[in-house]
Structure formats: C-alpha cells, structure tokens
>>> print(open('final-v7.cif').read())   # mmCIF, C-alpha atoms
data_structure
loop_
_atom_site.group_PDB
_atom_site.id
_atom_site.type_symbol
_atom_site.label_atom_id
_atom_site.label_comp_id
_atom_site.auth_asym_id
_atom_site.auth_seq_id
_atom_site.Cartn_x
_atom_site.Cartn_y
_atom_site.Cartn_z
ATOM 1 C CA MET A 1 -23.355 4.095 25.092
ATOM 2 C CA ILE A 2 -21.894 5.869 22.075
ATOM 3 C CA PRO A 3 -21.394 3.655 19.010
ATOM 4 C CA ILE A 4 -17.689 3.060 18.408
ATOM 5 C CA GLU A 5 -17.980 4.485 14.879
ATOM 6 C CA PHE A 6 -18.776 7.924 16.273
ATOM 7 C CA LEU A 7 -15.965 7.651 18.774
ATOM 8 C CA LEU A 8 -13.476 6.783 16.002
ATOM 9 C CA LEU A 9 -14.822 9.553 13.786
ATOM 10 C CA ALA A 10 -14.471 12.061 16.628
ATOM 11 C CA PHE A 11 -10.873 10.968 17.197
ATOM 12 C CA LEU A 12 -10.293 11.244 13.440
ATOM 13 C CA ALA A 13 -11.571 14.822 13.410
ATOM 14 C CA VAL A 14 -9.512 15.775 16.477
ATOM 15 C CA THR A 15 -6.381 14.245 14.923
ATOM 16 C CA ALA A 16 -6.950 16.136 11.675
ATOM 17 C CA VAL A 17 -7.337 19.457 13.465
ATOM 18 C CA VAL A 18 -4.239 18.814 15.587
ATOM 19 C CA ILE A 19 -2.201 17.906 12.468
ATOM 20 C CA ALA A 20 -3.266 21.149 10.822
ATOM 21 C CA ARG A 21 -2.425 23.216 13.907
ATOM 22 C CA LEU A 22 0.902 21.627 14.873
ATOM 23 C CA ASP A 23 4.130 23.404 14.029
ATOM 24 C CA TYR A 24 6.300 20.502 15.151
ATOM 25 C CA LEU A 25 6.484 18.462 11.949
ATOM 26 C CA PHE A 26 7.797 15.262 13.547
ATOM 27 C CA ALA A 27 4.694 14.983 15.725
ATOM 28 C CA ALA A 28 2.496 15.881 12.742
ATOM 29 C CA ALA A 29 4.045 13.056 10.707
ATOM 30 C CA MET A 30 3.422 10.569 13.504
ATOM 31 C CA LEU A 31 -0.155 11.819 13.848
ATOM 32 C CA THR A 32 -0.851 11.167 10.158
ATOM 33 C CA GLY A 33 0.046 7.548 10.904
ATOM 34 C CA ILE A 34 -2.467 7.552 13.759
ATOM 35 C CA PHE A 35 -5.018 9.150 11.417
ATOM 36 C CA SER A 36 -4.542 6.266 8.973
ATOM 37 C CA LEU A 37 -4.830 3.709 11.749
ATOM 38 C CA LEU A 38 -8.117 5.263 12.918
ATOM 39 C CA SER A 39 -9.502 5.232 9.377
ATOM 40 C CA ALA A 40 -8.417 1.604 9.071
ATOM 41 C CA GLY A 41 -10.476 0.899 12.175
ATOM 42 C CA LEU A 42 -13.469 2.652 10.635
ATOM 43 C CA PHE A 43 -13.090 0.652 7.393
ATOM 44 C CA THR A 44 -13.005 -2.565 9.420
ATOM 45 C CA LEU A 45 -16.235 -1.599 11.162
ATOM 46 C CA MET A 46 -17.784 -1.003 7.724
ATOM 47 C CA ASP A 47 -16.752 -4.555 6.714
ATOM 48 C CA ALA A 48 -14.284 -3.250 4.111
ATOM 49 C CA VAL A 49 -11.483 -5.437 5.427
ATOM 50 C CA ASP A 50 -9.361 -5.277 2.293
ATOM 51 C CA VAL A 51 -9.437 -1.482 2.272
ATOM 52 C CA ALA A 52 -8.659 -1.387 5.991
ATOM 53 C CA PHE A 53 -5.735 -3.712 5.399
ATOM 54 C CA THR A 54 -4.332 -1.427 2.714
ATOM 55 C CA GLU A 55 -4.881 1.699 4.794
ATOM 56 C CA ALA A 56 -3.098 0.183 7.798
ATOM 57 C CA ALA A 57 -0.155 -1.126 5.770
ATOM 58 C CA VAL A 58 0.344 1.831 3.429
ATOM 59 C CA GLY A 59 -1.039 4.781 5.386
ATOM 60 C CA ALA A 60 0.063 3.915 8.899
ATOM 61 C CA GLY A 61 3.175 2.001 7.883
ATOM 62 C CA VAL A 62 5.115 2.857 4.769
ATOM 63 C CA SER A 63 3.972 6.434 4.139
ATOM 64 C CA THR A 64 4.713 7.455 7.741
ATOM 65 C CA VAL A 65 8.235 6.086 7.340
ATOM 66 C CA LEU A 66 8.630 7.990 4.062
ATOM 67 C CA MET A 67 7.410 11.178 5.712
ATOM 68 C CA LEU A 68 9.912 10.724 8.547
ATOM 69 C CA GLY A 69 12.617 10.072 5.975
ATOM 70 C CA THR A 70 11.740 13.323 4.247
ATOM 71 C CA LEU A 71 11.729 15.127 7.579
ATOM 72 C CA SER A 72 15.260 14.006 8.311
ATOM 73 C CA LEU A 73 16.321 15.950 5.203
ATOM 74 C CA THR A 74 14.643 19.159 6.238
ATOM 75 C CA VAL A 75 13.848 21.136 9.368
ATOM 76 C CA ARG A 76 11.569 19.877 12.104
ATOM 77 C CA GLU A 77 9.704 23.082 12.778
ATOM 78 C CA GLU A 78 7.238 24.731 10.475
ATOM 79 C CA ARG A 79 8.070 28.341 9.691
ATOM 80 C CA GLU A 80 5.852 30.961 11.272
ATOM 81 C CA ARG A 81 3.264 32.202 8.827
ATOM 82 C CA PRO A 82 0.556 34.837 9.161
ATOM 83 C CA LEU A 83 -2.935 33.359 9.474
ATOM 84 C CA ARG A 84 -4.759 33.641 6.190
ATOM 85 C CA ILE A 85 -8.531 33.685 5.869
ATOM 86 C CA LEU A 86 -9.111 32.650 2.247
ATOM 87 C CA PRO A 87 -7.853 29.037 2.578
ATOM 88 C CA PHE A 88 -10.095 28.587 5.617
ATOM 89 C CA VAL A 89 -13.114 29.818 3.707
ATOM 90 C CA ILE A 90 -12.367 27.531 0.752
ATOM 91 C CA VAL A 91 -11.900 24.501 3.005
ATOM 92 C CA PHE A 92 -15.112 25.151 4.881
ATOM 93 C CA LEU A 93 -17.086 25.728 1.663
ATOM 94 C CA THR A 94 -15.739 22.512 0.102
ATOM 95 C CA GLY A 95 -16.415 20.551 3.271
ATOM 96 C CA GLY A 96 -19.912 21.975 3.483
ATOM 97 C CA ALA A 97 -20.618 21.082 -0.144
ATOM 98 C CA LEU A 98 -19.401 17.523 0.435
ATOM 99 C CA PHE A 99 -21.546 17.275 3.557
ATOM 100 C CA LEU A 100 -24.594 18.487 1.624
ATOM 101 C CA GLY A 101 -23.781 15.874 -1.015
ATOM 102 C CA THR A 102 -23.912 13.057 1.549
ATOM 103 C CA LEU A 103 -27.464 14.058 2.473
ATOM 104 C CA GLU A 104 -28.588 12.988 -0.993
ATOM 105 C CA MET A 105 -26.791 9.655 -0.804
ATOM 106 C CA PRO A 106 -28.688 6.440 -0.095
ATOM 107 C CA ALA A 107 -28.546 5.211 3.492
ATOM 108 C CA TYR A 108 -25.432 3.223 4.460
ATOM 109 C CA GLY A 109 -25.844 -0.433 3.501
ATOM 110 C CA ASP A 110 -29.167 0.179 1.736
ATOM 111 C CA PRO A 111 -29.713 -2.855 -0.545
ATOM 112 C CA ALA A 112 -31.857 -0.770 -2.917
ATOM 113 C CA ALA A 113 -28.992 1.677 -3.641
ATOM 114 C CA THR A 114 -27.966 1.959 -7.279
ATOM 115 C CA ILE A 115 -24.452 0.569 -6.811
ATOM 116 C CA HIS A 116 -25.895 -2.605 -5.284
ATOM 117 C CA GLN A 117 -28.224 -3.110 -8.242
ATOM 118 C CA TYR A 118 -25.964 -2.948 -11.272
ATOM 119 C CA LEU A 119 -22.992 -5.358 -11.364
ATOM 120 C CA ALA A 120 -22.588 -6.266 -7.697
ATOM 121 C CA PRO A 121 -25.257 -9.038 -7.685
ATOM 122 C CA ASP A 122 -23.484 -10.753 -10.602
ATOM 123 C CA TYR A 123 -20.133 -10.536 -8.832
ATOM 124 C CA ILE A 124 -21.561 -11.809 -5.540
ATOM 125 C CA ALA A 125 -23.409 -14.674 -7.194
ATOM 126 C CA GLY A 126 -20.627 -15.468 -9.650
ATOM 127 C CA THR A 127 -17.567 -15.535 -7.398
ATOM 128 C CA GLU A 128 -18.435 -18.718 -5.546
ATOM 129 C CA ALA A 129 -19.903 -20.459 -8.615
ATOM 130 C CA GLU A 130 -17.310 -19.500 -11.237
ATOM 131 C CA PHE A 131 -14.134 -19.350 -9.173
ATOM 132 C CA GLY A 132 -14.743 -21.500 -6.134
ATOM 133 C CA ILE A 133 -13.054 -18.919 -3.900
ATOM 134 C CA PRO A 134 -14.762 -17.011 -1.107
ATOM 135 C CA ASN A 135 -13.026 -13.612 -1.404
ATOM 136 C CA ILE A 136 -15.087 -11.527 -3.815
ATOM 137 C CA VAL A 137 -12.514 -8.709 -3.789
ATOM 138 C CA THR A 138 -9.809 -11.038 -5.111
ATOM 139 C CA ALA A 139 -12.152 -12.380 -7.788
ATOM 140 C CA ILE A 140 -13.036 -8.880 -8.968
ATOM 141 C CA LEU A 141 -9.448 -7.577 -8.905
ATOM 142 C CA GLY A 142 -7.862 -10.717 -10.295
ATOM 143 C CA SER A 143 -10.325 -11.793 -12.922
ATOM 144 C CA TYR A 144 -13.411 -9.641 -13.553
ATOM 145 C CA ARG A 145 -11.250 -6.518 -13.623
ATOM 146 C CA ALA A 146 -7.894 -8.062 -14.508
ATOM 147 C CA PHE A 147 -7.197 -5.360 -17.116
ATOM 148 C CA ASP A 148 -7.635 -2.628 -14.505
ATOM 149 C CA THR A 149 -5.319 -4.407 -12.112
ATOM 150 C CA LEU A 150 -2.695 -4.759 -14.845
ATOM 151 C CA GLY A 151 -2.955 -1.017 -15.381
ATOM 152 C CA GLU A 152 -2.700 -0.313 -11.655
ATOM 153 C CA THR A 153 0.405 -2.460 -11.358
ATOM 154 C CA ALA A 154 1.904 -0.523 -14.251
ATOM 155 C CA VAL A 155 1.038 2.725 -12.451
ATOM 156 C CA ILE A 156 2.859 1.593 -9.293
ATOM 157 C CA PHE A 157 5.833 0.500 -11.377
ATOM 158 C CA THR A 158 5.868 3.865 -13.145
ATOM 159 C CA ALA A 159 5.683 5.698 -9.812
ATOM 160 C CA ALA A 160 8.706 3.779 -8.558
ATOM 161 C CA LEU A 161 10.549 4.515 -11.803
ATOM 162 C CA GLY A 162 9.768 8.211 -11.468
ATOM 163 C CA VAL A 163 10.926 8.396 -7.858
ATOM 164 C CA MET A 164 14.087 6.486 -8.733
ATOM 165 C CA ALA A 165 14.856 8.775 -11.658
ATOM 166 C CA LEU A 166 14.267 11.936 -9.620
ATOM 167 C CA LEU A 167 15.636 11.093 -6.195
ATOM 168 C CA ALA A 168 18.068 8.195 -6.355
ATOM 169 C CA SER A 169 21.011 10.402 -7.161
ATOM 170 C CA GLY A 170 23.508 9.018 -4.680
ATOM 171 C CA ARG A 171 23.631 5.563 -6.128
ATOM 172 C CA GLY A 172 26.380 4.551 -8.473
ATOM 173 C CA ARG A 173 27.745 1.438 -10.010
ATOM 174 C CA LYS A 174 30.334 -0.625 -8.198
ATOM 175 C CA GLY A 175 33.612 1.215 -7.954
ATOM 176 C CA GLU A 176 32.020 4.510 -8.824
ATOM 177 C CA GLU A 177 32.469 7.168 -6.213
ATOM 178 C CA ARG A 178 29.519 7.631 -3.874
ATOM 179 C CA LYS A 179 28.933 10.996 -2.377
ATOM 180 C CA MET B 1 18.165 9.485 7.365
ATOM 181 C CA LYS B 2 21.503 9.751 9.088
ATOM 182 C CA ILE B 3 20.766 11.097 12.533
ATOM 183 C CA PRO B 4 17.773 8.976 13.609
ATOM 184 C CA LEU B 5 19.615 5.833 12.473
ATOM 185 C CA MET B 6 22.615 6.521 14.686
ATOM 186 C CA ARG B 7 20.399 7.083 17.677
ATOM 187 C CA MET B 8 18.287 4.025 16.968
ATOM 188 C CA ARG B 9 21.307 1.790 16.688
ATOM 189 C CA GLU B 10 22.133 2.338 20.316
ATOM 190 C CA LYS B 11 18.718 1.322 21.584
ATOM 191 C CA LEU B 12 18.972 -2.267 22.708
ATOM 192 C CA VAL B 13 15.234 -2.893 23.141
ATOM 193 C CA VAL B 14 14.397 -1.673 19.653
ATOM 194 C CA ARG B 15 17.086 -3.869 18.152
ATOM 195 C CA VAL B 16 16.106 -7.032 19.997
ATOM 196 C CA VAL B 17 12.359 -6.596 19.510
ATOM 197 C CA SER B 18 12.613 -5.759 15.819
ATOM 198 C CA ARG B 19 14.960 -8.696 15.251
ATOM 199 C CA PHE B 20 12.295 -10.867 16.854
ATOM 200 C CA PHE B 21 9.438 -9.355 14.834
ATOM 201 C CA ILE B 22 10.905 -9.156 11.329
ATOM 202 C CA PRO B 23 10.557 -12.891 10.512
ATOM 203 C CA PHE B 24 6.923 -12.812 11.596
ATOM 204 C CA ILE B 25 6.215 -9.724 9.468
ATOM 205 C CA LEU B 26 7.740 -11.434 6.423
ATOM 206 C CA LEU B 27 5.813 -14.640 7.153
ATOM 207 C CA PHE B 28 2.586 -12.674 7.512
ATOM 208 C CA GLY B 29 3.280 -10.970 4.176
ATOM 209 C CA LEU B 30 3.668 -14.356 2.508
ATOM 210 C CA TYR B 31 0.483 -15.580 4.203
ATOM 211 C CA VAL B 32 -1.507 -12.603 2.887
ATOM 212 C CA GLN B 33 0.026 -13.140 -0.557
ATOM 213 C CA PHE B 34 -0.850 -16.798 -0.948
ATOM 214 C CA HIS B 35 -4.022 -16.819 1.111
ATOM 215 C CA GLY B 36 -5.518 -13.795 -0.639
ATOM 216 C CA ASP B 37 -8.264 -15.730 -2.390
ATOM 217 C CA PHE B 38 -9.594 -17.052 0.920
ATOM 218 C CA GLY B 39 -8.883 -14.297 3.410
ATOM 219 C CA PRO B 40 -8.694 -10.535 3.137
ATOM 220 C CA GLY B 41 -5.784 -9.050 1.248
ATOM 221 C CA GLY B 42 -3.951 -9.909 -1.910
ATOM 222 C CA GLY B 43 -0.846 -9.048 -3.818
ATOM 223 C CA PHE B 44 -0.875 -5.329 -3.074
ATOM 224 C CA GLN B 45 -1.304 -5.629 0.692
ATOM 225 C CA ALA B 46 1.126 -8.542 0.848
ATOM 226 C CA GLY B 47 3.763 -6.570 -1.040
ATOM 227 C CA VAL B 48 3.484 -3.626 1.329
ATOM 228 C CA ILE B 49 3.574 -5.815 4.446
ATOM 229 C CA PHE B 50 6.546 -7.778 3.110
ATOM 230 C CA THR B 51 8.427 -4.558 2.391
ATOM 231 C CA SER B 52 7.611 -3.056 5.792
ATOM 232 C CA GLY B 53 9.653 -5.867 7.331
ATOM 233 C CA PHE B 54 12.663 -4.804 5.276
ATOM 234 C CA VAL B 55 12.014 -1.128 6.009
ATOM 235 C CA LEU B 56 12.000 -1.893 9.734
ATOM 236 C CA TYR B 57 15.329 -3.664 9.312
ATOM 237 C CA GLY B 58 16.695 -0.665 7.439
ATOM 238 C CA LEU B 59 15.504 1.776 10.096
ATOM 239 C CA VAL B 60 17.034 -0.166 12.968
ATOM 240 C CA PHE B 61 20.198 -1.633 11.480
ATOM 241 C CA GLY B 62 21.029 1.018 8.926
ATOM 242 C CA LEU B 63 20.465 1.505 5.233
ATOM 243 C CA GLU B 64 23.889 0.130 4.294
ATOM 244 C CA ASN B 65 23.129 -3.224 5.906
ATOM 245 C CA LEU B 66 19.692 -3.358 4.261
ATOM 246 C CA GLN B 67 21.215 -2.660 0.853
ATOM 247 C CA ARG B 68 23.621 -5.498 1.465
ATOM 248 C CA VAL B 69 20.593 -7.789 2.021
ATOM 249 C CA VAL B 70 18.541 -6.424 -0.897
ATOM 250 C CA PRO B 71 20.801 -4.644 -3.410
ATOM 251 C CA TRP B 72 19.505 -2.096 -5.915
ATOM 252 C CA THR B 73 19.691 -4.582 -8.777
ATOM 253 C CA VAL B 74 17.321 -6.956 -6.972
ATOM 254 C CA VAL B 75 14.864 -4.117 -6.331
ATOM 255 C CA GLU B 76 14.949 -2.931 -9.931
ATOM 256 C CA SER B 77 14.616 -6.366 -11.487
ATOM 257 C CA GLY B 78 11.938 -7.363 -8.955
ATOM 258 C CA ALA B 79 9.736 -4.413 -9.856
ATOM 259 C CA SER B 80 10.095 -5.136 -13.572
ATOM 260 C CA LEU B 81 9.694 -8.909 -13.236
ATOM 261 C CA GLY B 82 6.384 -8.585 -11.402
ATOM 262 C CA LEU B 83 4.798 -6.502 -14.128
ATOM 263 C CA LEU B 84 6.351 -8.756 -16.769
ATOM 264 C CA LEU B 85 4.893 -11.848 -15.073
ATOM 265 C CA TYR B 86 1.433 -10.268 -15.082
ATOM 266 C CA GLY B 87 1.688 -9.397 -18.771
ATOM 267 C CA CYS B 88 3.107 -12.810 -19.660
ATOM 268 C CA VAL B 89 0.129 -14.560 -18.052
ATOM 269 C CA GLY B 90 -2.092 -12.542 -20.378
ATOM 270 C CA ILE B 91 0.011 -13.328 -23.429
ATOM 271 C CA ALA B 92 0.221 -17.016 -22.460
ATOM 272 C CA SER B 93 -3.549 -17.213 -22.444
ATOM 273 C CA LEU B 94 -3.581 -15.577 -25.893
ATOM 274 C CA PHE B 95 -1.291 -18.333 -27.195
ATOM 275 C CA LEU B 96 -3.553 -20.982 -25.673
ATOM 276 C CA ASN B 97 -6.481 -19.768 -27.816
ATOM 277 C CA GLY B 98 -8.077 -17.705 -25.090
ATOM 278 C CA ASN B 99 -8.683 -14.013 -24.614
ATOM 279 C CA PHE B 100 -6.057 -11.775 -23.010
ATOM 280 C CA LEU B 101 -5.920 -12.663 -19.287
ATOM 281 C CA ASP B 102 -8.480 -15.450 -19.727
ATOM 282 C CA TYR B 103 -7.090 -17.853 -17.128
ATOM 283 C CA LYS B 104 -9.436 -20.730 -17.906
ATOM 284 C CA VAL B 105 -7.265 -21.903 -20.804
ATOM 285 C CA LEU B 106 -4.105 -22.066 -18.676
ATOM 286 C CA ASP B 107 -4.948 -25.608 -17.571
ATOM 287 C CA ALA B 108 -5.886 -27.799 -20.530
ATOM 288 C CA HIS B 109 -8.148 -30.144 -18.588
ATOM 289 C CA ASP B 110 -9.629 -28.227 -15.683
ATOM 290 C CA ALA B 111 -10.841 -24.653 -16.221
ATOM 291 C CA MET B 112 -11.153 -24.056 -12.473
ATOM 292 C CA ARG B 113 -7.528 -25.016 -11.872
ATOM 293 C CA GLY B 114 -6.481 -22.710 -14.697
ATOM 294 C CA LEU B 115 -8.424 -19.880 -13.052
ATOM 295 C CA HIS B 116 -6.763 -20.445 -9.705
ATOM 296 C CA LEU B 117 -3.325 -20.700 -11.311
ATOM 297 C CA GLY B 118 -3.895 -17.476 -13.235
ATOM 298 C CA ILE B 119 -5.053 -15.551 -10.162
ATOM 299 C CA LEU B 120 -2.138 -16.914 -8.131
ATOM 300 C CA LEU B 121 0.367 -15.866 -10.795
ATOM 301 C CA ILE B 122 -0.978 -12.360 -11.347
ATOM 302 C CA GLU B 123 -1.232 -11.788 -7.580
ATOM 303 C CA LEU B 124 2.392 -12.879 -7.360
ATOM 304 C CA GLY B 125 3.247 -10.364 -10.076
ATOM 305 C CA VAL B 126 1.381 -7.578 -8.270
ATOM 306 C CA GLY B 127 3.038 -8.489 -4.966
ATOM 307 C CA LEU B 128 6.505 -8.530 -6.512
ATOM 308 C CA THR B 129 6.068 -5.173 -8.249
ATOM 309 C CA VAL B 130 4.494 -3.459 -5.228
ATOM 310 C CA SER B 131 7.056 -4.836 -2.793
ATOM 311 C CA ALA B 132 10.038 -3.883 -4.946
ATOM 312 C CA SER B 133 8.567 -0.476 -5.831
ATOM 313 C CA MET B 134 7.957 0.414 -2.187
ATOM 314 C CA LEU B 135 11.502 -0.593 -1.334
ATOM 315 C CA ALA B 136 12.812 1.446 -4.269
ATOM 316 C CA ILE B 137 10.935 4.518 -3.037
ATOM 317 C CA PHE B 138 12.256 3.945 0.488
ATOM 318 C CA TYR B 139 15.804 3.607 -0.841
ATOM 319 C CA ALA B 140 15.421 6.773 -2.901
ATOM 320 C CA PHE B 141 14.171 8.784 0.076
ATOM 321 C CA ALA B 142 16.414 7.303 2.740
ATOM 322 C CA GLY B 143 19.544 7.329 0.598
ATOM 323 C CA ARG B 144 19.549 11.089 0.239
ATOM 324 C CA ARG B 145 21.734 13.280 2.351
ATOM 325 C CA ALA B 146 20.499 16.508 3.845
ATOM 326 C CA ALA B 147 21.459 19.369 1.560
#
>>> encode(input="final-v7.cif", output="structure tokens")
Amino acid sequence: MIPIEFLLLAFLAVTAVVIARLDYLFAAAMLTGIFSLLSAGLFTLMDAVDVAFTEAAVGAGVSTVLMLGTLSLTVREERERPLRILPFVIVFLTGGALFLGTLEMPAYGDPAATIHQYLAPDYIAGTEAEFGIPNIVTAILGSYRAFDTLGETAVIFTAALGVMALLASGRGRKGEERK
Amino acid sequence: MKIPLMRMREKLVVRVVSRFFIPFILLFGLYVQFHGDFGPGGGFQAGVIFTSGFVLYGLVFGLENLQRVVPWTVVESGASLGLLLYGCVGIASLFLNGNFLDYKVLDAHDAMRGLHLGILLIELGVGLTVSASMLAIFYAFAGRRAA
C-alpha cells in the first residue's frame, strides 16, 4: 500500500509536467486549478488546514477564474517555439539544488527542529491561556502578529488598487459613454 | 469574457445548480469568517470564499447582472473600509491607553472580551478588504474586451 502522500505528490509532478508540455492554454489553465487542489490535499495531510483552505480557495478557485478570464482576451493555443536547452538546464540545476537543500533539513515533524524550539512553544502554550480560543493560527495572525497582518491587508488593498488603475479602463461614471 | 458567458447562459443545468449553490457558498464564507477563532480559516479565506460565490454568479449570469448586484462603488468602498476598520481598531486601542492593536483595553472590564472583540473586528476588516479586492480584480479582468 503506497502512502497517499506519495500518490498525491506523483499526481502533482505529472500535472506539472503536463502543464509545461501542453500547447492548449485552456486545458493548461484548468490543470493549474487541479495542481492547486492536489497541493491543498497535501497540506491537509500535513495538518496545515489553514494553508490548505487558502490554497483551495485562491489557487483552485479565484486564480483559475482569472486565468480563464485572461485567456478569453487572447488566443487559446500557444505559439510554436523551438525547444531551447538553457532553460531546461537552469530548471534542473535549481531543482537539484533545492532537493540537496532538503537533505539537510530536519525530519518532518521533528520536535527538536529549530523552528519548534524558538517561539512556537510560547504560542502553543499561550493561545489557550491568554485568548481562550483553540485556533493557534488565528491567535498568531490576529494578535501576536497583528502588525504583520495589518501590513498584509494593506498589500492586498494595494494590489487591488494597482490592478484597478491598470486594467479597469472600460468603466466610467454614470452617463459616461462605455466602450 | 464575452464568448464563454454567452455559451454558459444557455446551459440550463449550470444555471440551476449554481443558483442552488450560491447561497450555500456565501453562508459558508460567513461561517469561516465568524468561526475563524474556533475552526480553520479566518478573514482571508472567508473573503475569498465569499467572493467566489459572486464570481460564480458573474460567470453564469453575466458580468452586467453581477455589477448590478455589487456595483463598482461598493467594491471600492468595501476594500477601503476593511483596511480602515483594521487601522481604526489599532488607533482606538491607542486612545484607550493601550498599545497600538492591543485589544485588551477595548473592553473596560474584561480583558478577554476585549481580545475577542478586537480579533473579531480585525478579521472582519481583513475579510472585507480581501473580498472586495478579489472582486475588483475579477471586474478588472472580466470587464476588458478582447483587443
């Protein structure tokens, strides 16, 4: 019996390769949604439910819709291009370096790992005692790291402002002519 | 976004099923928003889920109808109001002799209640900003015509 993590990871790898090889952009856009859904499944198996939630909602939901919306403005087929070697080499070297890096990492879920020694024990012990709420992620985002979250909200707001300023050209005030 | 919309509009199953699902998506978004301190999720996830209900409506019933439900002004003011709410919670705690974003002072008698109120309010701000921003981005992309 293969563990389901490996199965999901294998599907993830297959999906990634297919996305890279497909010329039909509509199918590629749909496959990126499937890619996000598979990663959401992996995050759930790693007990990172909040991250999985975000990945499923943003990656599989909204960003797929945005990609389809972009596709409807352009062509559906990728243009034929000659196969180039250098990008392949760079991708494989980077991937290999990252893989080598994981060999040095502490084992998954190792309680002696550095990140579990520094602030995490305080957060885990403090959330229930100081806040009386069970979700540690909410306590960290909402209170321990409230400044960061304020900044992140500002970033999202700025992103929306930027997209509106660049793309929302067709909108006009009432009575103004719309193209 | 013109061509897929026209085709979608003729599909009866898609219309009926999405009309059935949209209220549940919105309800689930609200659940994630206000249950975020007990279950997984929070303002960000809730905002995205809430917006995906509207995006589904826009995909099936057309962008014009969606913009009649949620006009541009609502989207713009929603995105700004969320961030403003977050900042105002911080400034309110400053005026109540606390540190910036120190929720404990928000309730004069019970620090725990102040904490919960503060987290609820800032999560509401995050949800509002995220939801409106996502919708704004969708409007900006979907409202464009093919060149």
>>> interface_residues(input="final-v7.cif", of="chain A", to="chain B", cutoff="8 Å", atoms="all atoms listed in the file", output="VMD selection string")
chain A and resid 49 to 50 53 to 54 57 to 58 61 to 62 66 69 to 70 72 to 74 130 to 135 138 to 139 142 to 143 146 to 147 150 153 to 154 156 to 157 159 to 160 163 to 164 167 to 170
>>> resolve_selection(input="final-v7.cif", expression="the PyMOL selection byres ((chain A and resi 39) around 10)", output="list in words")
Leu8, Leu9, Phe11, Leu12, Gly33, Ile34, Phe35, Ser36, Leu37, Leu38, Ala40, Gly41, Leu42, Phe43, Thr44, Leu45, Val51, Ala52, Glu55, Ala56, Gly59 and Ala60 of chain A
>>> atom_distance(input="final-v7.cif", atom1="CA of Thr127 (chain A)", atom2="CA of Ala108 (chain B)")
21.4 Å
>>> atom_distance(input="final-v7.cif", atom1="CA of Thr114 (chain A)", atom2="CA of Ala97 (chain A)")
21.7 Å
>>> atom_distance(input="final-v7.cif", atom1="CA of Ala27 (chain A)", atom2="CA of Ser63 (chain A)")
14.4 Å
>>> residues_around(input="final-v7.cif", residues="Ile22 (chain B)", least_positions_apart="4", cutoff="9 Å", atoms="only C-alpha atoms", output="count of residues only")
9
>>> residues_near_point(input="final-v7.cif", point="(11.3, 17.8, 17.5)", cutoff="9 Å", atoms="only C-alpha atoms", output="list in words")
Tyr24, Leu25, Phe26, Ala27, Arg76 and Glu77 of chain A
>>> write_last_selection(input="final-v7.cif", atoms="C-alpha atoms", output="PDB file, in the coordinates of the input")
ATOM      1  CA  TYR A  24       6.300  20.502  15.151  1.00  0.00           C
ATOM      2  CA  LEU A  25       6.484  18.462  11.949  1.00  0.00           C
ATOM      3  CA  PHE A  26       7.797  15.262  13.547  1.00  0.00           C
ATOM      4  CA  ALA A  27       4.694  14.983  15.725  1.00  0.00           C
ATOM      5  CA  ARG A  76      11.569  19.877  12.104  1.00  0.00           C
ATOM      6  CA  GLU A  77       9.704  23.082  12.778  1.00  0.00           C
TER       7      GLU A  77
END
